[in-house]
$ cat run.pdb   # PDB, C-alpha atoms
ATOM      1  CA  MET A   1     128.403 102.774  34.753
ATOM      2  CA  SER A   2     131.720 104.003  33.465
ATOM      3  CA  SER A   3     132.297 104.259  29.716
ATOM      4  CA  PHE A   4     135.418 103.094  27.836
ATOM      5  CA  GLY A   5     137.138 106.479  27.912
ATOM      6  CA  ASP A   6     136.715 106.874  31.693
ATOM      7  CA  PHE A   7     139.572 104.454  32.302
ATOM      8  CA  ASN A   8     142.064 106.894  30.698
ATOM      9  CA  ARG A   9     141.282 109.720  33.144
ATOM     10  CA  VAL A  10     143.398 110.153  36.277
ATOM     11  CA  ASN A  11     141.827 113.174  38.031
ATOM     12  CA  THR A  12     138.532 111.364  38.686
ATOM     13  CA  ASN A  13     138.720 107.617  39.234
ATOM     14  CA  VAL A  14     135.224 106.715  38.088
ATOM     15  CA  THR A  15     135.884 102.994  38.394
ATOM     16  CA  ALA A  16     136.921 103.370  42.031
ATOM     17  CA  LEU A  17     133.839 105.478  42.756
ATOM     18  CA  GLU A  18     131.560 102.820  41.264
ATOM     19  CA  ALA A  19     133.321 100.082  43.198
ATOM     20  CA  GLN A  20     133.005 102.114  46.399
ATOM     21  CA  LEU A  21     129.287 102.703  45.752
ATOM     22  CA  SER A  22     128.777  98.970  45.248
ATOM     23  CA  LEU A  23     130.721  98.193  48.424
ATOM     24  CA  ASN A  24     128.623 100.689  50.425
ATOM     25  CA  LYS A  25     125.402  99.082  49.218
ATOM     26  CA  ILE A  26     126.667  95.644  50.128
ATOM     27  CA  ASN A  27     127.811  96.829  53.545
ATOM     28  CA  LYS A  28     124.357  98.296  54.231
ATOM     29  CA  GLN A  29     122.618  95.103  53.165
ATOM     30  CA  LEU A  30     125.022  93.050  55.262
ATOM     31  CA  GLY A  31     124.384  95.296  58.261
ATOM     32  CA  ASP A  32     120.630  94.871  57.841
ATOM     33  CA  SER A  33     121.077  91.115  57.564
ATOM     34  CA  ARG A  34     123.140  90.952  60.749
ATOM     35  CA  LEU A  35     120.524  93.086  62.538
ATOM     36  CA  LYS A  36     117.803  90.642  61.517
ATOM     37  CA  LEU A  37     119.872  87.730  62.754
ATOM     38  CA  SER A  38     120.659  89.441  66.055
ATOM     39  CA  THR A  39     117.092  90.580  66.843
ATOM     40  CA  GLY A  40     115.198  87.722  65.243
ATOM     41  CA  PHE A  41     112.917  90.191  63.463
ATOM     42  CA  ARG A  42     112.608  90.599  59.718
ATOM     43  CA  VAL A  43     111.010  94.022  60.240
ATOM     44  CA  ASN A  44     112.960  96.072  62.776
ATOM     45  CA  LYS A  45     111.679  99.503  61.785
ATOM     46  CA  ALA A  46     108.809 100.882  59.782
ATOM     47  CA  GLU A  47     110.950 101.544  56.692
ATOM     48  CA  ASP A  48     111.733  97.834  56.397
ATOM     49  CA  ASP A  49     108.075  97.089  55.560
ATOM     50  CA  ALA A  50     105.677  99.940  56.288
ATOM     51  CA  ALA A  51     102.449  98.025  55.595
ATOM     52  CA  GLY A  52     103.706  94.883  57.326
ATOM     53  CA  PHE A  53     104.799  96.884  60.379
ATOM     54  CA  ALA A  54     101.314  98.436  60.714
ATOM     55  CA  ILE A  55      99.535  95.094  60.299
ATOM     56  CA  ALA A  56     101.867  93.397  62.779
ATOM     57  CA  SER A  57     101.238  96.147  65.334
ATOM     58  CA  GLN A  58      97.497  95.530  65.087
ATOM     59  CA  LEU A  59      98.022  91.798  65.475
ATOM     60  CA  LYS A  60     100.293  92.363  68.475
ATOM     61  CA  SER A  61      97.625  94.537  70.088
ATOM     62  CA  ARG A  62      94.991  91.883  69.507
ATOM     63  CA  VAL A  63      97.155  89.114  70.927
ATOM     64  CA  ALA A  64      97.766  91.189  74.063
ATOM     65  CA  GLY A  65      94.002  91.675  74.480
ATOM     66  CA  LEU A  66      93.299  87.977  73.890
ATOM     67  CA  GLU A  67      95.911  86.950  76.452
ATOM     68  CA  LYS A  68      94.394  89.249  79.068
ATOM     69  CA  ALA A  69      90.911  87.974  78.184
ATOM     70  CA  MET A  70      92.127  84.418  78.772
ATOM     71  CA  GLN A  71      93.364  85.499  82.188
ATOM     72  CA  ASN A  72      89.934  87.025  82.876
ATOM     73  CA  VAL A  73      88.244  83.756  81.930
ATOM     74  CA  GLY A  74      90.631  81.891  84.206
ATOM     75  CA  ASP A  75      89.710  84.220  87.081
ATOM     76  CA  ALA A  76      86.005  83.637  86.408
ATOM     77  CA  LYS A  77      86.566  79.882  86.415
ATOM     78  CA  SER A  78      88.296  80.243  89.769
ATOM     79  CA  VAL A  79      85.192  81.992  91.102
ATOM     80  CA  LEU A  80      82.940  79.210  89.818
ATOM     81  CA  ASN A  81      85.273  76.528  91.158
ATOM     82  CA  MET A  82      84.998  78.154  94.575
ATOM     83  CA  VAL A  83      81.215  78.175  94.280
ATOM     84  CA  GLU A  84      81.267  74.534  93.194
ATOM     85  CA  GLY A  85      83.230  73.604  96.299
ATOM     86  CA  ALA A  86      80.636  75.397  98.421
ATOM     87  CA  TYR A  87      77.803  73.632  96.589
ATOM     88  CA  ASN A  88      79.400  70.237  97.159
ATOM     89  CA  ALA A  89      79.833  70.914 100.878
ATOM     90  CA  MET A  90      76.225  72.119 101.134
ATOM     91  CA  MET A  91      74.992  69.043  99.284
ATOM     92  CA  ASP A  92      76.837  66.816 101.751
ATOM     93  CA  ASN A  93      75.031  68.611 104.571
ATOM     94  CA  LEU A  94      71.647  68.203 102.915
ATOM     95  CA  ILE A  95      72.240  64.510 102.357
ATOM     96  CA  GLU A  96      73.191  64.157 106.008
ATOM     97  CA  MET A  97      70.023  66.101 106.941
ATOM     98  CA  LYS A  98      67.903  63.673 104.937
ATOM     99  CA  SER A  99      69.572  60.735 106.617
ATOM    100  CA  LEU A 100      68.881  62.214 110.049
ATOM    101  CA  ALA A 101      65.298  63.155 109.144
ATOM    102  CA  THR A 102      64.679  59.619 107.916
ATOM    103  CA  GLN A 103      66.038  58.316 111.193
ATOM    104  CA  GLY A 104      63.892  60.760 113.180
ATOM    105  CA  ALA A 105      60.748  59.723 111.288
ATOM    106  CA  ASN A 106      60.994  56.269 112.815
ATOM    107  CA  ALA A 107      58.308  56.007 115.516
ATOM    108  CA  THR A 108      60.409  53.629 117.582
ATOM    109  CA  LEU A 109      62.646  56.495 118.772
ATOM    110  CA  GLY A 110      62.098  58.293 122.043
ATOM    111  CA  GLN A 111      61.830  62.044 122.481
ATOM    112  CA  ASP A 112      65.405  62.399 123.701
ATOM    113  CA  GLU A 113      66.729  60.681 120.587
ATOM    114  CA  ARG A 114      64.631  62.961 118.362
ATOM    115  CA  ASP A 115      65.972  65.988 120.222
ATOM    116  CA  TYR A 116      69.520  64.846 119.536
ATOM    117  CA  ILE A 117      68.679  64.396 115.857
ATOM    118  CA  GLY A 118      67.047  67.828 115.794
ATOM    119  CA  ALA A 119      70.141  69.433 117.270
ATOM    120  CA  GLN A 120      72.271  67.802 114.565
ATOM    121  CA  ILE A 121      69.927  69.040 111.819
ATOM    122  CA  ALA A 122      70.029  72.572 113.189
ATOM    123  CA  ALA A 123      73.838  72.410 113.368
ATOM    124  CA  LEU A 124      74.011  71.233 109.751
ATOM    125  CA  ALA A 125      71.833  74.189 108.725
ATOM    126  CA  ASP A 126      74.186  76.521 110.577
ATOM    127  CA  ASP A 127      77.070  74.888 108.718
ATOM    128  CA  ILE A 128      75.351  75.687 105.425
ATOM    129  CA  ASN A 129      75.163  79.351 106.404
ATOM    130  CA  ASP A 130      78.804  79.262 107.525
ATOM    131  CA  ILE A 131      79.754  77.861 104.102
ATOM    132  CA  VAL A 132      77.795  80.674 102.448
ATOM    133  CA  ASN A 133      79.433  83.327 104.616
ATOM    134  CA  SER A 134      82.921  82.020 103.842
ATOM    135  CA  THR A 135      82.445  81.747 100.058
ATOM    136  CA  THR A 136      84.168  84.975  99.078
ATOM    137  CA  TYR A 137      86.409  86.053  96.229
ATOM    138  CA  ASN A 138      88.407  89.282  96.329
ATOM    139  CA  GLY A 139      86.357  90.447  99.276
ATOM    140  CA  VAL A 140      82.983  89.787  97.587
ATOM    141  CA  ASN A 141      80.621  87.259  99.152
ATOM    142  CA  LEU A 142      79.113  85.239  96.328
ATOM    143  CA  LEU A 143      76.201  83.453  98.003
ATOM    144  CA  ASP A 144      74.784  85.469 100.890
ATOM    145  CA  GLY A 145      73.211  88.418  99.051
ATOM    146  CA  ALA A 146      75.664  91.099 100.120
ATOM    147  CA  ALA A 147      77.157  91.183  96.632
ATOM    148  CA  ALA A 148      73.882  92.439  95.142
ATOM    149  CA  ALA A 149      74.766  95.960  96.220
ATOM    150  CA  ASN A 150      77.629  95.881  93.712
ATOM    151  CA  ASN A 151      75.250  95.386  90.802
ATOM    152  CA  GLN A 152      71.846  97.008  91.211
ATOM    153  CA  ALA A 153      70.704  95.837  87.775
ATOM    154  CA  VAL A 154      70.409  92.140  88.720
ATOM    155  CA  PRO A 155      67.256  90.616  90.208
ATOM    156  CA  ALA A 156      67.021  90.134  93.947
ATOM    157  CA  GLY A 157      68.295  86.724  94.972
ATOM    158  CA  THR A 158      71.125  86.579  92.433
ATOM    159  CA  TYR A 159      74.642  87.882  92.009
ATOM    160  CA  ALA A 160      75.696  88.533  88.413
ATOM    161  CA  PHE A 161      79.036  89.569  87.011
ATOM    162  CA  THR A 162      80.275  90.188  83.489
ATOM    163  CA  VAL A 163      83.480  88.596  82.263
ATOM    164  CA  GLN A 164      85.499  90.440  79.603
ATOM    165  CA  SER A 165      86.075  87.239  77.665
ATOM    166  CA  GLY A 166      87.495  88.721  74.470
ATOM    167  CA  GLU A 167      89.516  91.644  73.155
ATOM    168  CA  GLY A 168      86.534  93.421  71.604
ATOM    169  CA  THR A 169      83.969  95.685  73.256
ATOM    170  CA  GLY A 170      81.151  93.192  72.810
ATOM    171  CA  ASP A 171      83.156  90.109  73.781
ATOM    172  CA  THR A 172      81.631  89.554  77.221
ATOM    173  CA  THR A 173      80.094  86.631  79.094
ATOM    174  CA  ASP A 174      77.460  87.069  81.825
ATOM    175  CA  ILE A 175      77.496  84.760  84.851
ATOM    176  CA  THR A 176      74.679  84.561  87.430
ATOM    177  CA  ILE A 177      74.908  82.895  90.854
ATOM    178  CA  ASP A 178      71.871  82.377  93.122
ATOM    179  CA  PHE A 179      71.952  83.220  96.817
ATOM    180  CA  LEU A 180      71.794  79.999  98.808
ATOM    181  CA  GLN A 181      71.557  80.382 102.541
ATOM    182  CA  ALA A 182      69.533  77.802 104.466
ATOM    183  CA  GLY A 183      66.384  79.869 104.001
ATOM    184  CA  GLN A 184      66.786  80.100 100.220
ATOM    185  CA  LEU A 185      67.470  76.386  99.925
ATOM    186  CA  PHE A 186      64.268  75.490 101.771
ATOM    187  CA  GLY A 187      62.274  78.128  99.918
ATOM    188  CA  ASP A 188      60.667  80.118 102.721
ATOM    189  CA  VAL A 189      59.357  83.608 101.883
ATOM    190  CA  GLY A 190      57.782  86.303 104.037
ATOM    191  CA  GLY A 191      58.393  84.535 107.353
ATOM    192  CA  GLY A 192      59.180  81.146 108.814
ATOM    193  CA  GLN A 193      57.752  78.159 106.964
ATOM    194  CA  ASP A 194      56.102  75.528 109.138
ATOM    195  CA  LEU A 195      57.156  72.136 107.890
ATOM    196  CA  ALA A 196      54.913  70.274 110.330
ATOM    197  CA  PRO A 197      51.436  71.818 110.130
ATOM    198  CA  THR A 198      49.865  68.849 111.845
ATOM    199  CA  ALA A 199      51.846  69.537 115.006
ATOM    200  CA  GLY A 200      50.025  72.797 115.699
ATOM    201  CA  ASN A 201      53.126  74.995 115.809
ATOM    202  CA  ALA A 202      56.341  75.584 113.858
ATOM    203  CA  GLN A 203      58.377  72.717 115.233
ATOM    204  CA  ILE A 204      60.820  72.636 112.319
ATOM    205  CA  ASN A 205      61.410  76.106 110.923
ATOM    206  CA  THR A 206      63.604  76.748 107.887
ATOM    207  CA  GLY A 207      64.155  80.426 108.457
ATOM    208  CA  VAL A 208      62.766  83.842 109.173
ATOM    209  CA  ALA A 209      62.678  86.369 106.339
ATOM    210  CA  THR A 210      62.426  90.131 106.713
ATOM    211  CA  ALA A 211      61.766  91.914 103.429
ATOM    212  CA  ALA A 212      64.157  94.771 102.652
ATOM    213  CA  GLY A 213      61.598  96.692 100.563
ATOM    214  CA  ALA A 214      59.577  96.123  97.413
ATOM    215  CA  ASN A 215      62.355  97.268  95.076
ATOM    216  CA  ALA A 216      65.277  96.006  97.104
ATOM    217  CA  THR A 217      68.054  94.197  95.299
ATOM    218  CA  THR A 218      69.357  92.498  98.425
ATOM    219  CA  GLU A 219      67.896  89.195  99.566
ATOM    220  CA  PRO A 220      66.141  89.237 102.971
ATOM    221  CA  THR A 221      68.169  88.068 105.930
ATOM    222  CA  ARG A 222      67.489  84.426 106.786
ATOM    223  CA  THR A 223      68.145  82.446 109.925
ATOM    224  CA  SER A 224      69.069  78.798 109.974
ATOM    225  CA  ILE A 225      66.788  75.863 110.657
ATOM    226  CA  THR A 226      65.524  75.554 114.217
ATOM    227  CA  VAL A 227      64.036  72.427 115.683
ATOM    228  CA  GLY A 228      61.597  72.476 118.597
ATOM    229  CA  ALA A 229      61.700  70.287 121.659
ATOM    230  CA  THR A 230      58.493  68.382 120.877
ATOM    231  CA  VAL A 231      59.192  67.275 117.321
ATOM    232  CA  SER A 232      57.384  64.078 116.439
ATOM    233  CA  ALA A 233      58.023  61.320 113.922
ATOM    234  CA  VAL A 234      55.379  62.940 111.698
ATOM    235  CA  ASP A 235      57.328  66.212 111.750
ATOM    236  CA  TYR A 236      60.481  64.466 110.627
ATOM    237  CA  ASN A 237      58.554  62.586 107.970
ATOM    238  CA  GLU A 238      57.389  65.848 106.450
ATOM    239  CA  PHE A 239      60.861  67.346 106.816
ATOM    240  CA  ILE A 240      62.197  64.589 104.513
ATOM    241  CA  GLY A 241      60.179  66.157 101.696
ATOM    242  CA  ALA A 242      61.524  69.596 102.569
ATOM    243  CA  VAL A 243      65.098  68.295 102.376
ATOM    244  CA  ASP A 244      64.344  66.694  99.011
ATOM    245  CA  GLY A 245      63.070  70.069  97.812
ATOM    246  CA  ALA A 246      66.242  71.761  99.048
ATOM    247  CA  ILE A 247      68.346  69.148  97.233
ATOM    248  CA  ASP A 248      66.380  69.874  94.033
ATOM    249  CA  VAL A 249      67.042  73.605  94.442
ATOM    250  CA  LEU A 250      70.750  73.011  94.910
ATOM    251  CA  ASN A 251      70.862  70.561  92.000
ATOM    252  CA  ASP A 252      69.353  73.229  89.727
ATOM    253  CA  ASP A 253      72.078  75.646  90.757
ATOM    254  CA  ILE A 254      74.770  72.999  90.287
ATOM    255  CA  ASN A 255      73.415  72.356  86.793
ATOM    256  CA  THR A 256      73.521  76.092  85.987
ATOM    257  CA  LEU A 257      77.011  76.284  87.427
ATOM    258  CA  GLY A 258      78.159  73.406  85.216
ATOM    259  CA  ILE A 259      76.738  75.113  82.130
ATOM    260  CA  ASN A 260      78.578  78.325  83.014
ATOM    261  CA  GLN A 261      81.803  76.414  83.610
ATOM    262  CA  ARG A 262      81.405  74.665  80.258
ATOM    263  CA  THR A 263      80.809  78.025  78.556
ATOM    264  CA  LEU A 264      83.972  79.486  80.073
ATOM    265  CA  SER A 265      86.019  76.399  79.186
ATOM    266  CA  SER A 266      84.801  76.635  75.591
ATOM    267  CA  LYS A 267      85.659  80.342  75.556
ATOM    268  CA  GLU A 268      89.094  79.556  76.959
ATOM    269  CA  LEU A 269      89.723  77.096  74.115
ATOM    270  CA  GLN A 270      88.567  79.650  71.529
ATOM    271  CA  LEU A 271      90.898  82.263  73.011
ATOM    272  CA  ALA A 272      93.832  79.857  72.933
ATOM    273  CA  GLN A 273      93.188  79.117  69.270
ATOM    274  CA  ALA A 274      92.806  82.823  68.469
ATOM    275  CA  ILE A 275      96.067  83.639  70.248
ATOM    276  CA  THR A 276      97.846  80.923  68.276
ATOM    277  CA  THR A 277      96.529  82.007  64.867
ATOM    278  CA  ASN A 278      97.140  85.722  65.455
ATOM    279  CA  SER A 279     100.620  85.083  66.838
ATOM    280  CA  ALA A 280     101.407  82.954  63.792
ATOM    281  CA  ALA A 281     100.201  85.725  61.475
ATOM    282  CA  GLN A 282     102.340  88.274  63.311
ATOM    283  CA  SER A 283     105.327  85.931  63.176
ATOM    284  CA  ARG A 284     105.063  85.503  59.420
ATOM    285  CA  ILE A 285     105.270  89.281  59.030
ATOM    286  CA  MET A 286     107.823  90.179  61.678
ATOM    287  CA  ASP A 287     110.084  87.211  62.381
ATOM    288  CA  THR A 288     113.275  86.364  60.542
ATOM    289  CA  ASP A 289     113.648  83.160  58.549
ATOM    290  CA  PHE A 290     117.033  82.255  60.018
ATOM    291  CA  ALA A 291     117.945  79.678  57.366
ATOM    292  CA  ALA A 292     117.246  82.054  54.499
ATOM    293  CA  GLU A 293     118.815  85.059  56.233
ATOM    294  CA  GLN A 294     121.991  83.171  57.138
ATOM    295  CA  SER A 295     122.371  82.129  53.481
ATOM    296  CA  ASN A 296     121.825  85.745  52.448
ATOM    297  CA  ALA A 297     124.438  86.936  54.966
ATOM    298  CA  ILE A 298     127.038  84.504  53.574
ATOM    299  CA  ARG A 299     126.283  85.705  50.032
ATOM    300  CA  LEU A 300     126.721  89.334  51.100
ATOM    301  CA  GLN A 301     130.002  88.541  52.877
ATOM    302  CA  ILE A 302     131.368  87.046  49.651
ATOM    303  CA  LEU A 303     130.183  90.079  47.670
ATOM    304  CA  GLN A 304     131.787  92.349  50.270
ATOM    305  CA  GLN A 305     135.126  90.635  49.748
ATOM    306  CA  THR A 306     134.880  90.846  45.959
ATOM    307  CA  ALA A 307     133.779  94.505  46.095
ATOM    308  CA  THR A 308     136.729  95.301  48.360
ATOM    309  CA  ALA A 309     139.096  93.589  45.944
ATOM    310  CA  ALA A 310     137.515  95.450  43.015
ATOM    311  CA  LEU A 311     137.926  98.777  44.807
ATOM    312  CA  SER A 312     141.575  97.979  45.474
ATOM    313  CA  GLN A 313     142.176  97.186  41.806
ATOM    314  CA  ALA A 314     140.266 100.294  40.713
ATOM    315  CA  ASN A 315     142.546 102.450  42.856
ATOM    316  CA  MET A 316     145.531 100.961  40.992
ATOM    317  CA  GLY A 317     144.113 101.905  37.594
ATOM    318  CA  PRO A 318     145.461 105.514  37.407
ATOM    319  CA  GLN A 319     149.001 104.256  37.953
ATOM    320  CA  ALA A 320     148.721 102.210  34.773
ATOM    321  CA  VAL A 321     147.616 105.308  32.859
ATOM    322  CA  LEU A 322     150.733 107.145  34.021
ATOM    323  CA  GLY A 323     152.703 104.783  31.777
ATOM    324  CA  PHE A 324     151.703 106.949  28.809
ATOM    325  CA  LEU A 325     153.853 109.722  30.256
ATOM    326  CA  GLY A 326     156.999 107.615  30.150
TER     327      GLY A 326
END

$ encode --input "run.pdb" --output "structure tokens"
Amino acid sequence: MSSFGDFNRVNTNVTALEAQLSLNKINKQLGDSRLKLSTGFRVNKAEDDAAGFAIASQLKSRVAGLEKAMQNVGDAKSVLNMVEGAYNAMMDNLIEMKSLATQGANATLGQDERDYIGAQIAALADDINDIVNSTTYNGVNLLDGAAAANNQAVPAGTYAFTVQSGEGTGDTTDITIDFLQAGQLFGDVGGGQDLAPTAGNAQINTGVATAAGANATTEPTRTSITVGATVSAVDYNEFIGAVDGAIDVLNDDINTLGINQRTLSSKELQLAQAITTNSAAQSRIMDTDFAAEQSNAIRLQILQQTATAALSQANMGPQAVLGFLG
């Protein structure tokens, strides 16, 4: 701040220097304001707000992880939706099997008619296995047991995968899917199951199992249902119960599937809320308040004009002092 006597000195124009310093400060502030308006960020470099910049970087990292976790959950839901479609198709086949078995249990039918019904039942069982074989995601079959080799830690008869459902190390969700070929649905183990013991031989067979070893993680290979040429009404009557059991097995898996889908949907909602709150926190630190910044820019423009005028007047001051020499 210049003193009273400084105005009488010509060699050093202190007033002009002070006006120039003020103008430089205003120009810098105005430049920073225009940068904020052009980028939309209140903090454009660490020196603007060192602590805020560090906190915002952490929040940005977390949001990126949460967004990717949401994508992971979406992928897992796609897997379960594919499995659900397979379950629904298999259930339709089982219901049709029960209808045919009920028809075949009627003693008024002849042997030829029962043979036709048996052929349809066997074809429906083959369709179930075809559905299983075609239920794949990213090259992994989800229902036939081949996927077990990818995860040796899961029990035989199931395929499990872990979803990274959060941005932290421990934020994971485990999903388990049972193998469901025709043999698994009808529950045979260690060989073909005779569903008509009164007939003296295995007229309706739900599959043949060959164990892969005591500690194997892969499910034994199963064939589809086969129906003999001498199936009686009694055989079909007992087969109705077997179909009901298969429907119960599939219903259990559908129930488990629904629980897993509900879990993932809940996780998806939590992730969406977390993304919103963390993005809002980052925005409060980093983003420019355009209304306030525009008002500040106008104020600085006015100060720039006044500082320029003051500098111009200060440069004229030494000429007035020269009047003492006249």

$ atom_distance --input "run.pdb" --atom1 "CA of Gln319 (chain A)" --atom2 "CA of Ile26 (chain A)"
26.9 Å

$ atom_distance --input "run.pdb" --atom1 "CA of Asn251 (chain A)" --atom2 "CA of Gln103 (chain A)"
23.3 Å

$ resolve_selection --input "run.pdb" --expression "the PyMOL selection byres ((chain A and resi 88) around 12)" --output "ChimeraX atom specification"
/A:81-87,89-95,128,131-132,247,250-251,253-254,257

$ atom_distance --input "run.pdb" --atom1 "CA of Gly110 (chain A)" --atom2 "CA of Leu124 (chain A)"
21.5 Å

$ closest_residue --input "run.pdb" --among "A:Leu59, A:Ile177, A:Leu109, A:Ile117" --to "Arg284 (chain A)" --atoms "only C-alpha atoms"
A:Leu59

$ resolve_selection --input "run.pdb" --expression "the PyMOL selection byres ((chain A and resi 101) around 9)" --output "PDB file with C-alpha atoms, keeping the file's coordinate frame"
ATOM      1  CA  GLU A  96      73.191  64.157 106.008  1.00  0.00           C
ATOM      2  CA  MET A  97      70.023  66.101 106.941  1.00  0.00           C
ATOM      3  CA  LYS A  98      67.903  63.673 104.937  1.00  0.00           C
ATOM      4  CA  SER A  99      69.572  60.735 106.617  1.00  0.00           C
ATOM      5  CA  LEU A 100      68.881  62.214 110.049  1.00  0.00           C
ATOM      6  CA  THR A 102      64.679  59.619 107.916  1.00  0.00           C
ATOM      7  CA  GLN A 103      66.038  58.316 111.193  1.00  0.00           C
ATOM      8  CA  GLY A 104      63.892  60.760 113.180  1.00  0.00           C
ATOM      9  CA  ALA A 105      60.748  59.723 111.288  1.00  0.00           C
ATOM     10  CA  ASN A 106      60.994  56.269 112.815  1.00  0.00           C
ATOM     11  CA  ILE A 117      68.679  64.396 115.857  1.00  0.00           C
ATOM     12  CA  GLY A 118      67.047  67.828 115.794  1.00  0.00           C
ATOM     13  CA  ILE A 121      69.927  69.040 111.819  1.00  0.00           C
ATOM     14  CA  ALA A 233      58.023  61.320 113.922  1.00  0.00           C
ATOM     15  CA  ASP A 235      57.328  66.212 111.750  1.00  0.00           C
ATOM     16  CA  TYR A 236      60.481  64.466 110.627  1.00  0.00           C
ATOM     17  CA  ASN A 237      58.554  62.586 107.970  1.00  0.00           C
ATOM     18  CA  GLU A 238      57.389  65.848 106.450  1.00  0.00           C
ATOM     19  CA  PHE A 239      60.861  67.346 106.816  1.00  0.00           C
ATOM     20  CA  ILE A 240      62.197  64.589 104.513  1.00  0.00           C
ATOM     21  CA  VAL A 243      65.098  68.295 102.376  1.00  0.00           C
TER      22      VAL A 243
END

$ residues_around --input "run.pdb" --residues "region 14-16 of chain A" --least-positions-apart "6" --cutoff "6 Å" --atoms "only C-alpha atoms" --output "list in words"
Leu311, Ala314 and Asn315 of chain A

$ closest_residue --input "run.pdb" --among "A:Ser232, A:Tyr159, A:Leu271, A:Gly245" --to "Arg114 (chain A)" --atoms "all atoms listed in the file"
A:Ser232

$ resolve_selection --input "run.pdb" --expression "the PyMOL selection byres ((chain A and resi 18) around 12)" --output "number ranges by chain"
A: 1-3, 6, 12-17, 19-25, 307-308, 310-312, 314-315

$ write_last_selection --input "run.pdb" --atoms "C-alpha atoms" --output "PDB file, in the frame of the given file"
ATOM      1  CA  MET A   1     128.403 102.774  34.753  1.00  0.00           C
ATOM      2  CA  SER A   2     131.720 104.003  33.465  1.00  0.00           C
ATOM      3  CA  SER A   3     132.297 104.259  29.716  1.00  0.00           C
ATOM      4  CA  ASP A   6     136.715 106.874  31.693  1.00  0.00           C
ATOM      5  CA  THR A  12     138.532 111.364  38.686  1.00  0.00           C
ATOM      6  CA  ASN A  13     138.720 107.617  39.234  1.00  0.00           C
ATOM      7  CA  VAL A  14     135.224 106.715  38.088  1.00  0.00           C
ATOM      8  CA  THR A  15     135.884 102.994  38.394  1.00  0.00           C
ATOM      9  CA  ALA A  16     136.921 103.370  42.031  1.00  0.00           C
ATOM     10  CA  LEU A  17     133.839 105.478  42.756  1.00  0.00           C
ATOM     11  CA  ALA A  19     133.321 100.082  43.198  1.00  0.00           C
ATOM     12  CA  GLN A  20     133.005 102.114  46.399  1.00  0.00           C
ATOM     13  CA  LEU A  21     129.287 102.703  45.752  1.00  0.00           C
ATOM     14  CA  SER A  22     128.777  98.970  45.248  1.00  0.00           C
ATOM     15  CA  LEU A  23     130.721  98.193  48.424  1.00  0.00           C
ATOM     16  CA  ASN A  24     128.623 100.689  50.425  1.00  0.00           C
ATOM     17  CA  LYS A  25     125.402  99.082  49.218  1.00  0.00           C
ATOM     18  CA  ALA A 307     133.779  94.505  46.095  1.00  0.00           C
ATOM     19  CA  THR A 308     136.729  95.301  48.360  1.00  0.00           C
ATOM     20  CA  ALA A 310     137.515  95.450  43.015  1.00  0.00           C
ATOM     21  CA  LEU A 311     137.926  98.777  44.807  1.00  0.00           C
ATOM     22  CA  SER A 312     141.575  97.979  45.474  1.00  0.00           C
ATOM     23  CA  ALA A 314     140.266 100.294  40.713  1.00  0.00           C
ATOM     24  CA  ASN A 315     142.546 102.450  42.856  1.00  0.00           C
TER      25      ASN A 315
END

$ residues_around --input "run.pdb" --residues "Thr172 (chain A)" --least-positions-apart "5" --cutoff "8 Å" --atoms "all atoms listed in the file" --output "number ranges by chain"
A: 162-166

$ residues_near_point --input "run.pdb" --point "(73.8, 79.9, 101.3)" --cutoff "9 Å" --atoms "only C-alpha atoms" --output "JSON list (two decimals) with C-alpha atoms, keeping the file's coordinate frame"
[["chain", "number", "residue", "atom", "x", "y", "z"],
["A", 86, "ALA", "CA", 80.64, 75.40, 98.42],
["A", 87, "TYR", "CA", 77.80, 73.63, 96.59],
["A", 90, "MET", "CA", 76.22, 72.12, 101.13],
["A", 128, "ILE", "CA", 75.35, 75.69, 105.42],
["A", 129, "ASN", "CA", 75.16, 79.35, 106.40],
["A", 130, "ASP", "CA", 78.80, 79.26, 107.52],
["A", 131, "ILE", "CA", 79.75, 77.86, 104.10],
["A", 132, "VAL", "CA", 77.80, 80.67, 102.45],
["A", 133, "ASN", "CA", 79.43, 83.33, 104.62],
["A", 135, "THR", "CA", 82.44, 81.75, 100.06],
["A", 143, "LEU", "CA", 76.20, 83.45, 98.00],
["A", 144, "ASP", "CA", 74.78, 85.47, 100.89],
["A", 145, "GLY", "CA", 73.21, 88.42, 99.05],
["A", 178, "ASP", "CA", 71.87, 82.38, 93.12],
["A", 179, "PHE", "CA", 71.95, 83.22, 96.82],
["A", 180, "LEU", "CA", 71.79, 80.00, 98.81],
["A", 181, "GLN", "CA", 71.56, 80.38, 102.54],
["A", 182, "ALA", "CA", 69.53, 77.80, 104.47],
["A", 183, "GLY", "CA", 66.38, 79.87, 104.00],
["A", 184, "GLN", "CA", 66.79, 80.10, 100.22],
["A", 185, "LEU", "CA", 67.47, 76.39, 99.92]]

$ residues_around --input "run.pdb" --residues "Phe290 (chain A)" --least-positions-apart "6" --cutoff "10 Å" --atoms "only C-alpha atoms" --output "tab-separated table (two decimals) with C-alpha atoms, in the coordinates of the input"
chain	number	residue	atom	x	y	z
A	36	LYS	CA	117.80	90.64	61.52
A	37	LEU	CA	119.87	87.73	62.75
A	40	GLY	CA	115.20	87.72	65.24
A	41	PHE	CA	112.92	90.19	63.46
A	42	ARG	CA	112.61	90.60	59.72
A	296	ASN	CA	121.82	85.74	52.45

$ closest_residue --input "run.pdb" --among "A:Met286, A:Glu293, A:Val231, A:Ser265" --to "Ala50 (chain A)" --atoms "all atoms listed in the file"
A:Met286

$ residues_near_point --input "run.pdb" --point "(85.4, 81.3, 85.1)" --cutoff "9 Å" --atoms "only C-alpha atoms" --output "PyMOL selection string"
chain A and resi 72-81+163+175+260-261+263-265
